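Note sheet for the following structure.
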Amino acid sequence: MRPFAQELKHVQQRINRFLECQFEGIESHRAPLLEAMKYALLLGGKRVRPFLVYATGKMLNANEQSLDYAAAAIEAIHAYSLIHDDLPAMDNDDLRRGHPTCHIAFDEATAILAGDALQSFAFEMLTQTPYISSEQKLALVQILAHASGVQGMCLGQSLDLISEHKQITLQELELIHRNKTGALLTAALKLGFICSPHFSNQSLEQSLTRYADAIGLAFQVQDDILDIEGESAEIGKPVGSDLDLDKSTYPKLLGLEGAKQKAQDLYQTALSELDNIPFDTTALRALAEFIITRKS
């Protein structure tokens, strides 16, 4: 297997080419909507969620073309969530991935519509997934819908908003982030699993889910650390934005060193779950390490 950095780059290039192809033939009729969708979806990004789809699916002998559709769908959902998260009514951010946010580059109404359209676009792509059964397609739709909505990402966003300028407990903070960030990361892994011949193996699914839950929370802990220690040029958004909004974060509740220890504990939990999986987990181990050591 290629070193992790090379493998991540390969995934970024593959999914970007695939996403670009999905826009071919769509007529915009002079409306800015299509360009706003492309702007939000194709302008950078680590592509961690697509990496999880591919890494899990390839580990379990899924067809790589099937994984393209699942990976593209979850990245479209992620892009839509970022557009809406950056809006004035939400976090009111001007910078994303080192570029003006969608509502700044276009306008607020176009950004809202671009997010709405990317959500629909994601589920349309899932229904077109080749080389899997109708049962698997339905499972893909169900998993992504559940992770995106009122029992997943949207719930996390809502809880996050109502928690601004308030003191909350560590348990409440974890509830926010297991939904806001963790739900889609766990869904990414499950999409790769569902595309594979092993999609009915419940024991395997449970081990993979526990791994994903751990790295999903670790991802957010590291985000909170970077909001204090990071460089704006590297993370692609202003440092200290969470502090400016008076949000509860892991460093705020645990202290900076406590937050770093929390990330390490979650990393070890993730690795211990991989020990129970009888496949080559090299890529998933490398991703877990990347999540807690990244600088952006």
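Residues are referred to by chain and number: the chain letter is A, B, ... according to the order shown in the structure tokens, the number counts from 1 in that chain, and ligands are numbered separately from 1 in the order shown.
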Within 10 Å of A:Ser81, counting only C-alpha atoms, which residues show up once you throw out same-chain ones fewer than 5 positions away? Write them as a list of chain:residue names, please.
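Once the nearby chain positions are removed, what remains is A:Glu75, A:Ala76, A:Asp86, A:Gly115, A:Asp116, A:Leu118, A:Gln119, A:Ser148, A:Met153, A:Cys154, A:Gln157, A:Lys180.
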Grab the residues selected above and save them as a short mmCIF file (atom, residue, chain, number, x, y, z; two decimals), in the first residue's frame with C-alpha atoms.
```
data_model
loop_
_atom_site.label_atom_id
_atom_site.label_comp_id
_atom_site.auth_asym_id
_atom_site.auth_seq_id
_atom_site.Cartn_x
_atom_site.Cartn_y
_atom_site.Cartn_z
CA GLU A 75 -18.75 14.70 0.24
CA ALA A 76 -21.73 16.51 -1.31
CA ASP A 86 -20.84 29.46 7.35
CA GLY A 115 -26.54 23.73 -0.11
CA ASP A 116 -30.09 22.50 -0.71
CA LEU A 118 -26.03 19.51 -3.04
CA GLN A 119 -28.10 17.56 -0.52
CA SER A 148 -27.48 13.95 7.97
CA MET A 153 -25.58 16.25 11.76
CA CYS A 154 -28.51 18.69 11.81
CA GLN A 157 -25.69 21.85 14.50
CA LYS A 180 -22.36 17.42 14.30
#
```
Which residues are near A:Leu170? Cut-off 10 Å, only C-alpha atoms, ignore same chain within fewer than 3 positions. Put them as a PDB file with all heavy atoms, in the first residue's frame.
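Final file, result_10.pdb:
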```
ATOM      1  N   GLN A 167     -22.715  27.693  29.634  1.00  0.00           N
ATOM      2  CA  GLN A 167     -21.847  26.673  30.210  1.00  0.00           C
ATOM      3  C   GLN A 167     -22.518  25.312  30.011  1.00  0.00           C
ATOM      4  O   GLN A 167     -23.664  25.122  30.425  1.00  0.00           O
ATOM      5  CB  GLN A 167     -21.649  26.928  31.709  1.00  0.00           C
ATOM      6  CG  GLN A 167     -20.735  28.095  32.017  1.00  0.00           C
ATOM      7  CD  GLN A 167     -19.300  27.821  31.625  1.00  0.00           C
ATOM      8  OE1 GLN A 167     -18.783  28.442  30.705  1.00  0.00           O
ATOM      9  NE2 GLN A 167     -18.665  26.891  32.290  1.00  0.00           N
ATOM     10  N   LEU A 173     -21.295  18.369  25.513  1.00  0.00           N
ATOM     11  CA  LEU A 173     -20.408  18.705  24.400  1.00  0.00           C
ATOM     12  C   LEU A 173     -20.188  17.495  23.502  1.00  0.00           C
ATOM     13  O   LEU A 173     -20.199  17.600  22.274  1.00  0.00           O
ATOM     14  CB  LEU A 173     -19.071  19.221  24.938  1.00  0.00           C
ATOM     15  CG  LEU A 173     -18.060  19.697  23.883  1.00  0.00           C
ATOM     16  CD1 LEU A 173     -18.604  20.900  23.119  1.00  0.00           C
ATOM     17  CD2 LEU A 173     -16.722  20.035  24.546  1.00  0.00           C
ATOM     18  N   GLU A 174     -20.008  16.334  24.104  1.00  0.00           N
ATOM     19  CA  GLU A 174     -19.800  15.116  23.309  1.00  0.00           C
ATOM     20  C   GLU A 174     -21.051  14.765  22.511  1.00  0.00           C
ATOM     21  O   GLU A 174     -20.950  14.288  21.372  1.00  0.00           O
ATOM     22  CB  GLU A 174     -19.372  13.951  24.208  1.00  0.00           C
ATOM     23  CG  GLU A 174     -17.980  14.149  24.769  1.00  0.00           C
ATOM     24  CD  GLU A 174     -17.349  12.864  25.275  1.00  0.00           C
ATOM     25  OE1 GLU A 174     -18.001  11.798  25.217  1.00  0.00           O
ATOM     26  OE2 GLU A 174     -16.191  12.931  25.735  1.00  0.00           O
ATOM     27  N   LEU A 175     -22.225  15.011  23.084  1.00  0.00           N
ATOM     28  CA  LEU A 175     -23.463  14.769  22.346  1.00  0.00           C
ATOM     29  C   LEU A 175     -23.515  15.655  21.100  1.00  0.00           C
ATOM     30  O   LEU A 175     -23.890  15.196  20.011  1.00  0.00           O
ATOM     31  CB  LEU A 175     -24.685  15.040  23.239  1.00  0.00           C
ATOM     32  CG  LEU A 175     -26.049  14.908  22.556  1.00  0.00           C
ATOM     33  CD1 LEU A 175     -26.289  13.468  22.089  1.00  0.00           C
ATOM     34  CD2 LEU A 175     -27.165  15.367  23.493  1.00  0.00           C
ATOM     35  N   ILE A 176     -23.136  16.928  21.262  1.00  0.00           N
ATOM     36  CA  ILE A 176     -23.116  17.834  20.110  1.00  0.00           C
ATOM     37  C   ILE A 176     -22.212  17.290  19.018  1.00  0.00           C
ATOM     38  O   ILE A 176     -22.607  17.169  17.846  1.00  0.00           O
ATOM     39  CB  ILE A 176     -22.623  19.231  20.539  1.00  0.00           C
ATOM     40  CG1 ILE A 176     -23.667  19.924  21.416  1.00  0.00           C
ATOM     41  CG2 ILE A 176     -22.311  20.095  19.308  1.00  0.00           C
ATOM     42  CD1 ILE A 176     -23.170  21.209  22.067  1.00  0.00           C
ATOM     43  N   SER A 248     -18.517  26.382  23.642  1.00  0.00           N
ATOM     44  CA  SER A 248     -17.866  25.407  24.513  1.00  0.00           C
ATOM     45  C   SER A 248     -17.017  24.483  23.637  1.00  0.00           C
ATOM     46  O   SER A 248     -17.481  24.000  22.607  1.00  0.00           O
ATOM     47  CB  SER A 248     -18.903  24.593  25.278  1.00  0.00           C
ATOM     48  OG  SER A 248     -19.572  25.404  26.224  1.00  0.00           O
ATOM     49  N   THR A 249     -15.767  24.285  24.059  1.00  0.00           N
ATOM     50  CA  THR A 249     -14.848  23.421  23.316  1.00  0.00           C
ATOM     51  C   THR A 249     -14.141  22.499  24.299  1.00  0.00           C
ATOM     52  O   THR A 249     -14.205  22.702  25.522  1.00  0.00           O
ATOM     53  CB  THR A 249     -13.794  24.255  22.558  1.00  0.00           C
ATOM     54  OG1 THR A 249     -12.970  24.936  23.525  1.00  0.00           O
ATOM     55  CG2 THR A 249     -14.447  25.268  21.625  1.00  0.00           C
ATOM     56  N   TYR A 250     -13.431  21.508  23.781  1.00  0.00           N
ATOM     57  CA  TYR A 250     -12.705  20.592  24.666  1.00  0.00           C
ATOM     58  C   TYR A 250     -11.596  21.302  25.436  1.00  0.00           C
ATOM     59  O   TYR A 250     -11.459  21.097  26.657  1.00  0.00           O
ATOM     60  CB  TYR A 250     -12.189  19.388  23.873  1.00  0.00           C
ATOM     61  CG  TYR A 250     -13.319  18.471  23.489  1.00  0.00           C
ATOM     62  CD1 TYR A 250     -13.946  18.585  22.256  1.00  0.00           C
ATOM     63  CD2 TYR A 250     -13.809  17.523  24.383  1.00  0.00           C
ATOM     64  CE1 TYR A 250     -15.019  17.776  21.917  1.00  0.00           C
ATOM     65  CE2 TYR A 250     -14.881  16.705  24.058  1.00  0.00           C
ATOM     66  CZ  TYR A 250     -15.483  16.837  22.821  1.00  0.00           C
ATOM     67  OH  TYR A 250     -16.554  16.039  22.501  1.00  0.00           O
ATOM     68  N   LEU A 253     -13.191  23.179  28.331  1.00  0.00           N
ATOM     69  CA  LEU A 253     -13.697  22.354  29.435  1.00  0.00           C
ATOM     70  C   LEU A 253     -12.602  21.536  30.110  1.00  0.00           C
ATOM     71  O   LEU A 253     -12.664  21.286  31.315  1.00  0.00           O
ATOM     72  CB  LEU A 253     -14.791  21.411  28.925  1.00  0.00           C
ATOM     73  CG  LEU A 253     -16.115  22.049  28.492  1.00  0.00           C
ATOM     74  CD1 LEU A 253     -17.109  20.980  28.084  1.00  0.00           C
ATOM     75  CD2 LEU A 253     -16.703  22.917  29.598  1.00  0.00           C
ATOM     76  N   LEU A 254     -11.599  21.090  29.327  1.00  0.00           N
ATOM     77  CA  LEU A 254     -10.581  20.182  29.849  1.00  0.00           C
ATOM     78  C   LEU A 254      -9.208  20.832  30.002  1.00  0.00           C
ATOM     79  O   LEU A 254      -8.305  20.220  30.579  1.00  0.00           O
ATOM     80  CB  LEU A 254     -10.440  18.959  28.918  1.00  0.00           C
ATOM     81  CG  LEU A 254     -11.670  18.088  28.721  1.00  0.00           C
ATOM     82  CD1 LEU A 254     -11.386  17.005  27.684  1.00  0.00           C
ATOM     83  CD2 LEU A 254     -12.101  17.447  30.040  1.00  0.00           C
TER      84      LEU A 254
END
```
Taking only C-alpha atoms into account, produce a table as a tab-separated table in which each residue of stretch 88-183 of chain A with an atom at most 9 Å from an atom of stretch 37-52 of chain A appears once, together with its shortest atom pair and the distance in Å to one decimal, ordered by chain and rising number.
```
residue	atom	partner	partner_atom	distance
A:Arg97	CA	A:Gly44	CA	6.4
A:Gly98	CA	A:Gly44	CA	8.7
A:His99	CA	A:Leu43	CA	8.2
A:Thr101	CA	A:Ala40	CA	8.0
A:Cys102	CA	A:Ala40	CA	6.3
A:Ala105	CA	A:Tyr39	CA	8.8
A:Ala111	CA	A:Met37	CA	8.2
A:Leu113	CA	A:Met37	CA	8.8
A:Ala114	CA	A:Met37	CA	5.1
A:Gly115	CA	A:Met37	CA	7.3
A:Ala117	CA	A:Met37	CA	7.6
A:Leu118	CA	A:Met37	CA	6.6
```
Test item: residues at most 7 Å from A:Tyr54, only C-alpha atoms, excluding those fewer than 4 positions along its chain, as a PDB file with N, CA and C atoms, in the first residue's frame:
```pdb
ATOM      1  N   PRO A  50     -14.578  10.778   2.030  1.00  0.00           N
ATOM      2  CA  PRO A  50     -14.351   9.860   0.911  1.00  0.00           C
ATOM      3  C   PRO A  50     -13.225   8.857   1.191  1.00  0.00           C
ATOM      4  N   LYS A  58     -12.462  -0.878   0.108  1.00  0.00           N
ATOM      5  CA  LYS A  58     -11.379  -1.655  -0.517  1.00  0.00           C
ATOM      6  C   LYS A  58     -10.859  -2.737   0.425  1.00  0.00           C
ATOM      7  N   LEU A  67     -17.832   2.491  -4.901  1.00  0.00           N
ATOM      8  CA  LEU A  67     -17.345   3.389  -3.858  1.00  0.00           C
ATOM      9  C   LEU A  67     -17.282   4.830  -4.334  1.00  0.00           C
ATOM     10  N   GLY A 192     -18.948   2.550   2.882  1.00  0.00           N
ATOM     11  CA  GLY A 192     -17.966   1.637   2.310  1.00  0.00           C
ATOM     12  C   GLY A 192     -18.267   0.196   2.667  1.00  0.00           C
TER      13      GLY A 192
END
```
Considering only C-alpha atoms, return as JSON, numbers by chain whatever protein or nucleic-acid residues lie within 12 Å of A:Met90, sequence-local ones (same chain, fewer than 6 positions apart) excluded.
{"A": [81, 82, 83, 84, 103, 108, 112, 157, 158, 159, 160, 161, 162, 164, 245]}
What does the distance from atom CA of A:Ile74 to atom CA of A:Leu144 come to in Å, to one decimal?
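Separation between atom CA of A:Ile74 and atom CA of A:Leu144: 7.3 Å.
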Excluding A:Gln268 and residues on its chain fewer than 3 positions from it, collect all residues at most 12 Å away from it, counting only C-alpha atoms, and give them as a list in words.
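With the cut-off at 12 Å, the set is Arg210, Tyr211, Ala214, Ile215, Ala218, Gln261, Lys262, Ala263, Gln264, Asp265, Leu271, Ser272, Glu273, Leu274, Asp275, Arg285, Ala288, Glu289 and Ile292 of chain A.
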Show me, as JSON, numbers by chain, the residues that have an atom within 7 Å of A:Leu256 when counting only C-alpha atoms, minus same-chain residues fewer than 4 positions from it.
{"A": [225, 251, 260]}
Using Å and a single decimal, report how far atom CA of A:Glu124 sits from atom CA of A:Ala145.
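Between these atoms lies a distance of 12.1 Å.
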Write out as a PDB file with C-alpha atoms, in the first residue's frame all residues of stretch 91-220 of chain A that DSSP puts in alpha helix (DSSP H) for this structure's backbone.
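Generated output (selection-v8.pdb):
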```pdb
ATOM      1  CA  CYS A 102     -19.967  30.544  -0.585  1.00  0.00           C
ATOM      2  CA  HIS A 103     -22.313  33.315   0.558  1.00  0.00           C
ATOM      3  CA  ILE A 104     -19.462  35.830   0.232  1.00  0.00           C
ATOM      4  CA  ALA A 105     -18.320  34.606  -3.188  1.00  0.00           C
ATOM      5  CA  GLU A 108     -26.662  34.457   0.707  1.00  0.00           C
ATOM      6  CA  ALA A 109     -29.699  33.208  -1.225  1.00  0.00           C
ATOM      7  CA  THR A 110     -27.554  31.429  -3.816  1.00  0.00           C
ATOM      8  CA  ALA A 111     -25.499  29.813  -1.057  1.00  0.00           C
ATOM      9  CA  ILE A 112     -28.621  28.476   0.669  1.00  0.00           C
ATOM     10  CA  LEU A 113     -29.914  27.060  -2.604  1.00  0.00           C
ATOM     11  CA  ALA A 114     -26.506  25.556  -3.441  1.00  0.00           C
ATOM     12  CA  GLY A 115     -26.543  23.725  -0.111  1.00  0.00           C
ATOM     13  CA  ASP A 116     -30.090  22.505  -0.707  1.00  0.00           C
ATOM     14  CA  ALA A 117     -29.192  21.301  -4.204  1.00  0.00           C
ATOM     15  CA  LEU A 118     -26.032  19.512  -3.036  1.00  0.00           C
ATOM     16  CA  GLN A 119     -28.105  17.560  -0.520  1.00  0.00           C
ATOM     17  CA  SER A 120     -30.479  16.366  -3.249  1.00  0.00           C
ATOM     18  CA  PHE A 121     -27.508  15.718  -5.540  1.00  0.00           C
ATOM     19  CA  ALA A 122     -26.016  13.358  -2.948  1.00  0.00           C
ATOM     20  CA  PHE A 123     -29.051  11.086  -2.802  1.00  0.00           C
ATOM     21  CA  GLU A 124     -29.447  11.144  -6.572  1.00  0.00           C
ATOM     22  CA  MET A 125     -25.894   9.811  -6.896  1.00  0.00           C
ATOM     23  CA  LEU A 126     -26.528   7.041  -4.359  1.00  0.00           C
ATOM     24  CA  THR A 127     -29.470   5.742  -6.393  1.00  0.00           C
ATOM     25  CA  SER A 134     -31.296  -2.679  -4.619  1.00  0.00           C
ATOM     26  CA  GLU A 135     -31.145  -3.681  -0.960  1.00  0.00           C
ATOM     27  CA  GLN A 136     -27.663  -2.181  -0.688  1.00  0.00           C
ATOM     28  CA  LYS A 137     -28.728   1.030  -2.454  1.00  0.00           C
ATOM     29  CA  LEU A 138     -31.616   1.436  -0.032  1.00  0.00           C
ATOM     30  CA  ALA A 139     -29.254   0.878   2.888  1.00  0.00           C
ATOM     31  CA  LEU A 140     -26.890   3.552   1.525  1.00  0.00           C
ATOM     32  CA  VAL A 141     -29.723   6.076   1.309  1.00  0.00           C
ATOM     33  CA  GLN A 142     -30.994   5.195   4.766  1.00  0.00           C
ATOM     34  CA  ILE A 143     -27.575   5.492   6.436  1.00  0.00           C
ATOM     35  CA  LEU A 144     -26.735   8.834   4.831  1.00  0.00           C
ATOM     36  CA  ALA A 145     -30.190  10.295   5.486  1.00  0.00           C
ATOM     37  CA  HIS A 146     -30.094   9.235   9.129  1.00  0.00           C
ATOM     38  CA  ALA A 147     -26.588  10.649   9.662  1.00  0.00           C
ATOM     39  CA  SER A 148     -27.476  13.947   7.967  1.00  0.00           C
ATOM     40  CA  MET A 153     -25.584  16.255  11.762  1.00  0.00           C
ATOM     41  CA  CYS A 154     -28.509  18.691  11.809  1.00  0.00           C
ATOM     42  CA  LEU A 155     -29.222  17.849  15.446  1.00  0.00           C
ATOM     43  CA  GLY A 156     -25.582  18.490  16.282  1.00  0.00           C
ATOM     44  CA  GLN A 157     -25.686  21.846  14.498  1.00  0.00           C
ATOM     45  CA  SER A 158     -28.849  22.843  16.356  1.00  0.00           C
ATOM     46  CA  LEU A 159     -27.455  21.822  19.748  1.00  0.00           C
ATOM     47  CA  ASP A 160     -24.262  23.711  18.964  1.00  0.00           C
ATOM     48  CA  LEU A 161     -26.157  26.913  18.182  1.00  0.00           C
ATOM     49  CA  ILE A 162     -28.265  26.856  21.348  1.00  0.00           C
ATOM     50  CA  LEU A 170     -18.515  17.513  28.867  1.00  0.00           C
ATOM     51  CA  GLN A 171     -21.318  14.993  28.263  1.00  0.00           C
ATOM     52  CA  GLU A 172     -23.395  17.649  26.509  1.00  0.00           C
ATOM     53  CA  LEU A 173     -20.408  18.705  24.400  1.00  0.00           C
ATOM     54  CA  GLU A 174     -19.800  15.116  23.309  1.00  0.00           C
ATOM     55  CA  LEU A 175     -23.463  14.769  22.346  1.00  0.00           C
ATOM     56  CA  ILE A 176     -23.116  17.834  20.110  1.00  0.00           C
ATOM     57  CA  HIS A 177     -20.006  16.583  18.359  1.00  0.00           C
ATOM     58  CA  ARG A 178     -20.980  12.925  18.044  1.00  0.00           C
ATOM     59  CA  ASN A 179     -23.812  14.307  15.939  1.00  0.00           C
ATOM     60  CA  LYS A 180     -22.358  17.418  14.301  1.00  0.00           C
ATOM     61  CA  GLY A 182     -19.046  12.208  14.154  1.00  0.00           C
ATOM     62  CA  ALA A 183     -22.293  11.162  12.477  1.00  0.00           C
ATOM     63  CA  LEU A 184     -21.039  11.772   8.932  1.00  0.00           C
ATOM     64  CA  LEU A 185     -17.634  10.222   9.626  1.00  0.00           C
ATOM     65  CA  THR A 186     -19.332   7.091  10.941  1.00  0.00           C
ATOM     66  CA  ALA A 187     -21.684   7.128   7.955  1.00  0.00           C
ATOM     67  CA  ALA A 188     -18.715   7.307   5.570  1.00  0.00           C
ATOM     68  CA  LEU A 189     -17.317   4.098   6.985  1.00  0.00           C
ATOM     69  CA  LYS A 190     -20.720   2.418   6.871  1.00  0.00           C
ATOM     70  CA  LEU A 191     -21.202   3.389   3.216  1.00  0.00           C
ATOM     71  CA  GLY A 192     -17.966   1.637   2.310  1.00  0.00           C
ATOM     72  CA  PHE A 193     -19.057  -1.379   4.364  1.00  0.00           C
ATOM     73  CA  ILE A 194     -22.488  -1.530   2.681  1.00  0.00           C
ATOM     74  CA  GLN A 202     -23.293  -7.396  11.946  1.00  0.00           C
ATOM     75  CA  SER A 203     -20.312  -8.135  14.177  1.00  0.00           C
ATOM     76  CA  LEU A 204     -17.961  -6.541  11.667  1.00  0.00           C
ATOM     77  CA  GLU A 205     -20.266  -3.536  11.335  1.00  0.00           C
ATOM     78  CA  GLN A 206     -20.274  -3.023  15.110  1.00  0.00           C
ATOM     79  CA  SER A 207     -16.468  -3.052  15.346  1.00  0.00           C
ATOM     80  CA  LEU A 208     -16.164  -0.630  12.443  1.00  0.00           C
ATOM     81  CA  THR A 209     -18.795   1.634  13.969  1.00  0.00           C
ATOM     82  CA  ARG A 210     -16.992   1.803  17.320  1.00  0.00           C
ATOM     83  CA  TYR A 211     -13.767   2.678  15.490  1.00  0.00           C
ATOM     84  CA  ALA A 212     -15.575   5.399  13.533  1.00  0.00           C
ATOM     85  CA  ASP A 213     -17.230   6.795  16.655  1.00  0.00           C
ATOM     86  CA  ALA A 214     -13.809   7.179  18.289  1.00  0.00           C
ATOM     87  CA  ILE A 215     -12.111   8.894  15.343  1.00  0.00           C
ATOM     88  CA  GLY A 216     -15.169  11.073  14.748  1.00  0.00           C
ATOM     89  CA  LEU A 217     -14.923  12.526  18.231  1.00  0.00           C
ATOM     90  CA  ALA A 218     -11.118  12.724  17.980  1.00  0.00           C
ATOM     91  CA  PHE A 219     -11.526  14.748  14.775  1.00  0.00           C
ATOM     92  CA  GLN A 220     -13.567  17.378  16.621  1.00  0.00           C
TER      93      GLN A 220
END
```
From stretch 90-270 of chain A, collect each residue whose DSSP state is strand (DSSP E) and return the set as a ChimeraX atom specification.
/A:95-96,99-100
Pull N, CA and C atoms from the residues just selected and write them as a tab-separated table (two decimals), in the first residue's frame.
```
chain	number	residue	atom	x	y	z
A	95	LEU	N	-14.40	32.92	5.65
A	95	LEU	CA	-13.32	32.16	5.03
A	95	LEU	C	-13.54	30.67	5.23
A	96	ARG	N	-13.35	29.91	4.16
A	96	ARG	CA	-13.46	28.44	4.22
A	96	ARG	C	-12.44	27.87	3.25
A	99	HIS	N	-10.51	30.29	1.15
A	99	HIS	CA	-11.21	31.08	0.14
A	99	HIS	C	-12.45	31.72	0.76
A	100	PRO	N	-12.99	32.76	0.13
A	100	PRO	CA	-14.24	33.33	0.64
A	100	PRO	C	-15.34	32.27	0.71
```
Of the residues A:Leu60, A:Val221, A:Ala72, A:Leu226, which is the one nearest to A:Gln128, using only C-alpha atoms?
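Answer, going by the shortest atom-to-atom distance: A:Ala72.
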Atom CA of A:Ile26 to atom CA of A:Gly57, straight-line distance in Å
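Going from atom CA of A:Gly57 over to atom CA of A:Ile26, I get 29.2 Å.
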A:Cys195, A:Ala79, A:Lys166, A:Phe106: which is nearest A:Tyr131, counting only C-alpha atoms?
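Going through A:Cys195, A:Ala79, A:Lys166, A:Phe106 one by one, the smallest distance to A:Tyr131 is for A:Cys195.
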